[in-house]
Amino acid sequence: MRVQVNYDLCEGKMKCEMTAPEVFKVGDDDQSHVLLDPVPAELEDKVNRAIRLCPKLALSWADEK
């Protein structure tokens, strides 16, 4: 699966990086960046938690087409 960041909402609060550092990194631009695309199945639970913990609701699973 693929995870996406809505950069209009992201404020770099770092909840995602603290929850799933293998997948997210907050850069000097105070924006979260996805490090693994697609997300390995064994990290999906961590990403689900990061999505839930994001205070700005800036993270979501991308629609696969």
# chains A, B, ... in the order shown; residues from 1 in each chain; ligands from 1
>>> residues_around(residues="stretch 49-56 of chain A", least_positions_apart="2", cutoff="10 Å", atoms="only C-alpha atoms", output="PDB file with N, CA and C atoms, in the first residue's frame")
ATOM      1  N   VAL A   3       1.140   5.356   1.172  1.00  0.00           N
ATOM      2  CA  VAL A   3       0.651   6.391   2.079  1.00  0.00           C
ATOM      3  C   VAL A   3       0.987   7.743   1.472  1.00  0.00           C
ATOM      4  N   GLN A   4       0.123   8.716   1.722  1.00  0.00           N
ATOM      5  CA  GLN A   4       0.356  10.046   1.168  1.00  0.00           C
ATOM      6  C   GLN A   4       0.254  11.106   2.248  1.00  0.00           C
ATOM      7  N   VAL A   5       0.924  12.219   1.994  1.00  0.00           N
ATOM      8  CA  VAL A   5       0.920  13.357   2.904  1.00  0.00           C
ATOM      9  C   VAL A   5       0.232  14.513   2.189  1.00  0.00           C
ATOM     10  N   ASN A   6      -0.744  15.119   2.848  1.00  0.00           N
ATOM     11  CA  ASN A   6      -1.366  16.328   2.321  1.00  0.00           C
ATOM     12  C   ASN A   6      -0.519  17.500   2.821  1.00  0.00           C
ATOM     13  N   ASP A   8      -0.724  20.591   2.268  1.00  0.00           N
ATOM     14  CA  ASP A   8      -1.476  21.783   2.661  1.00  0.00           C
ATOM     15  C   ASP A   8      -1.869  21.720   4.131  1.00  0.00           C
ATOM     16  N   LEU A   9      -1.953  20.505   4.685  1.00  0.00           N
ATOM     17  CA  LEU A   9      -2.334  20.326   6.084  1.00  0.00           C
ATOM     18  C   LEU A   9      -1.160  20.072   7.016  1.00  0.00           C
ATOM     19  N   CYS A  10      -0.104  19.433   6.508  1.00  0.00           N
ATOM     20  CA  CYS A  10       1.021  19.020   7.346  1.00  0.00           C
ATOM     21  C   CYS A  10       1.724  20.226   7.966  1.00  0.00           C
ATOM     22  N   GLU A  11       1.946  20.147   9.284  1.00  0.00           N
ATOM     23  CA  GLU A  11       2.668  21.196   9.999  1.00  0.00           C
ATOM     24  C   GLU A  11       3.916  20.664  10.686  1.00  0.00           C
ATOM     25  N   GLY A  12       4.317  19.432  10.355  1.00  0.00           N
ATOM     26  CA  GLY A  12       5.553  18.882  10.891  1.00  0.00           C
ATOM     27  C   GLY A  12       5.551  18.670  12.388  1.00  0.00           C
ATOM     28  N   LYS A  13       4.445  18.204  12.949  1.00  0.00           N
ATOM     29  CA  LYS A  13       4.348  17.965  14.392  1.00  0.00           C
ATOM     30  C   LYS A  13       5.135  16.727  14.833  1.00  0.00           C
ATOM     31  N   MET A  14       5.594  15.931  13.886  1.00  0.00           N
ATOM     32  CA  MET A  14       6.483  14.787  14.089  1.00  0.00           C
ATOM     33  C   MET A  14       5.829  13.563  14.729  1.00  0.00           C
ATOM     34  N   LYS A  15       4.516  13.548  14.887  1.00  0.00           N
ATOM     35  CA  LYS A  15       3.848  12.354  15.433  1.00  0.00           C
ATOM     36  C   LYS A  15       4.090  11.158  14.521  1.00  0.00           C
ATOM     37  N   CYS A  16       4.070  11.384  13.213  1.00  0.00           N
ATOM     38  CA  CYS A  16       4.269  10.289  12.258  1.00  0.00           C
ATOM     39  C   CYS A  16       5.683   9.730  12.361  1.00  0.00           C
ATOM     40  N   GLU A  17       6.670  10.610  12.426  1.00  0.00           N
ATOM     41  CA  GLU A  17       8.063  10.153  12.515  1.00  0.00           C
ATOM     42  C   GLU A  17       8.320   9.421  13.823  1.00  0.00           C
ATOM     43  N   MET A  18       7.729   9.884  14.904  1.00  0.00           N
ATOM     44  CA  MET A  18       7.908   9.210  16.190  1.00  0.00           C
ATOM     45  C   MET A  18       7.235   7.836  16.194  1.00  0.00           C
ATOM     46  N   THR A  19       6.135   7.706  15.481  1.00  0.00           N
ATOM     47  CA  THR A  19       5.368   6.463  15.450  1.00  0.00           C
ATOM     48  C   THR A  19       5.925   5.457  14.454  1.00  0.00           C
ATOM     49  N   ALA A  20       6.340   5.932  13.292  1.00  0.00           N
ATOM     50  CA  ALA A  20       6.834   5.045  12.228  1.00  0.00           C
ATOM     51  C   ALA A  20       8.055   5.673  11.550  1.00  0.00           C
ATOM     52  N   PRO A  21       9.189   5.714  12.268  1.00  0.00           N
ATOM     53  CA  PRO A  21      10.375   6.368  11.707  1.00  0.00           C
ATOM     54  C   PRO A  21      10.933   5.667  10.473  1.00  0.00           C
ATOM     55  N   VAL A  23       9.166   4.884   8.027  1.00  0.00           N
ATOM     56  CA  VAL A  23       8.332   5.315   6.898  1.00  0.00           C
ATOM     57  C   VAL A  23       8.309   6.826   6.718  1.00  0.00           C
ATOM     58  N   PHE A  24       8.383   7.585   7.823  1.00  0.00           N
ATOM     59  CA  PHE A  24       8.242   9.042   7.754  1.00  0.00           C
ATOM     60  C   PHE A  24       9.477   9.753   8.292  1.00  0.00           C
ATOM     61  N   GLU A  44       2.480  -1.685   8.047  1.00  0.00           N
ATOM     62  CA  GLU A  44       1.163  -1.073   7.849  1.00  0.00           C
ATOM     63  C   GLU A  44       0.479  -0.718   9.163  1.00  0.00           C
ATOM     64  N   ASP A  45       0.629  -1.537  10.199  1.00  0.00           N
ATOM     65  CA  ASP A  45       0.019  -1.216  11.494  1.00  0.00           C
ATOM     66  C   ASP A  45       0.611   0.067  12.076  1.00  0.00           C
ATOM     67  N   LYS A  46       1.917   0.234  11.949  1.00  0.00           N
ATOM     68  CA  LYS A  46       2.564   1.458  12.439  1.00  0.00           C
ATOM     69  C   LYS A  46       2.070   2.682  11.667  1.00  0.00           C
ATOM     70  N   VAL A  47       1.901   2.524  10.368  1.00  0.00           N
ATOM     71  CA  VAL A  47       1.407   3.640   9.552  1.00  0.00           C
ATOM     72  C   VAL A  47      -0.046   3.954   9.914  1.00  0.00           C
ATOM     73  N   ALA A  58      -3.250  14.976   8.167  1.00  0.00           N
ATOM     74  CA  ALA A  58      -2.535  15.178   6.903  1.00  0.00           C
ATOM     75  C   ALA A  58      -2.104  13.874   6.239  1.00  0.00           C
ATOM     76  N   LEU A  59      -2.280  12.740   6.907  1.00  0.00           N
ATOM     77  CA  LEU A  59      -1.840  11.463   6.361  1.00  0.00           C
ATOM     78  C   LEU A  59      -3.026  10.593   5.984  1.00  0.00           C
ATOM     79  N   SER A  60      -2.862   9.848   4.904  1.00  0.00           N
ATOM     80  CA  SER A  60      -3.922   8.909   4.504  1.00  0.00           C
ATOM     81  C   SER A  60      -3.311   7.865   3.575  1.00  0.00           C
ATOM     82  N   TRP A  61      -4.028   6.750   3.467  1.00  0.00           N
ATOM     83  CA  TRP A  61      -3.640   5.743   2.480  1.00  0.00           C
ATOM     84  C   TRP A  61      -4.064   6.259   1.112  1.00  0.00           C
TER      85      TRP A  61
END
>>> residues_around(residues="A:Leu35", least_positions_apart="2", cutoff="10 Å", atoms="only C-alpha atoms", output="number ranges by chain")
A: 21-25, 32-33, 37-39
>>> write_last_selection(atoms="N, CA and C atoms", output="short mmCIF file (atom, residue, chain, number, x, y, z; two decimals), in the first residue's frame")
data_model
loop_
_atom_site.label_atom_id
_atom_site.label_comp_id
_atom_site.auth_asym_id
_atom_site.auth_seq_id
_atom_site.Cartn_x
_atom_site.Cartn_y
_atom_site.Cartn_z
N PRO A 21 9.19 5.71 12.27
CA PRO A 21 10.38 6.37 11.71
C PRO A 21 10.93 5.67 10.47
N GLU A 22 10.56 4.41 10.27
CA GLU A 22 11.01 3.70 9.07
C GLU A 22 10.31 4.24 7.82
N VAL A 23 9.17 4.88 8.03
CA VAL A 23 8.33 5.32 6.90
C VAL A 23 8.31 6.83 6.72
N PHE A 24 8.38 7.59 7.82
CA PHE A 24 8.24 9.04 7.75
C PHE A 24 9.48 9.75 8.29
N LYS A 25 9.78 10.89 7.67
CA LYS A 25 10.86 11.77 8.13
C LYS A 25 10.39 13.20 7.94
N SER A 32 6.32 16.37 6.50
CA SER A 32 6.60 14.94 6.58
C SER A 32 6.84 14.40 5.18
N HIS A 33 7.83 13.54 5.06
CA HIS A 33 8.16 12.91 3.77
C HIS A 33 8.13 11.40 3.94
N ASP A 37 8.01 3.64 -0.31
CA ASP A 37 6.85 3.64 -1.21
C ASP A 37 6.99 2.50 -2.19
N PRO A 38 6.19 1.47 -2.06
CA PRO A 38 5.07 1.30 -1.14
C PRO A 38 5.53 0.92 0.26
N VAL A 39 4.59 1.02 1.18
CA VAL A 39 4.85 0.65 2.57
C VAL A 39 4.83 -0.88 2.68
#
>>> select_by_dssp(residues="chain A", states="alpha helix (DSSP H)", output="list in words")
Lys15, Cys16, Glu17, Met18, Thr19, Glu44, Asp45, Lys46, Val47, Asn48, Arg49, Ala50, Ile51, Arg52 and Leu53 of chain A
>>> select_by_dssp(residues="chain A", states="strand (DSSP E or B)", output="list in words")
Val3, Gln4, Val5, Phe24, Lys25, Val26, Ser32, His33, Val34, Leu59, Ser60 and Trp61 of chain A
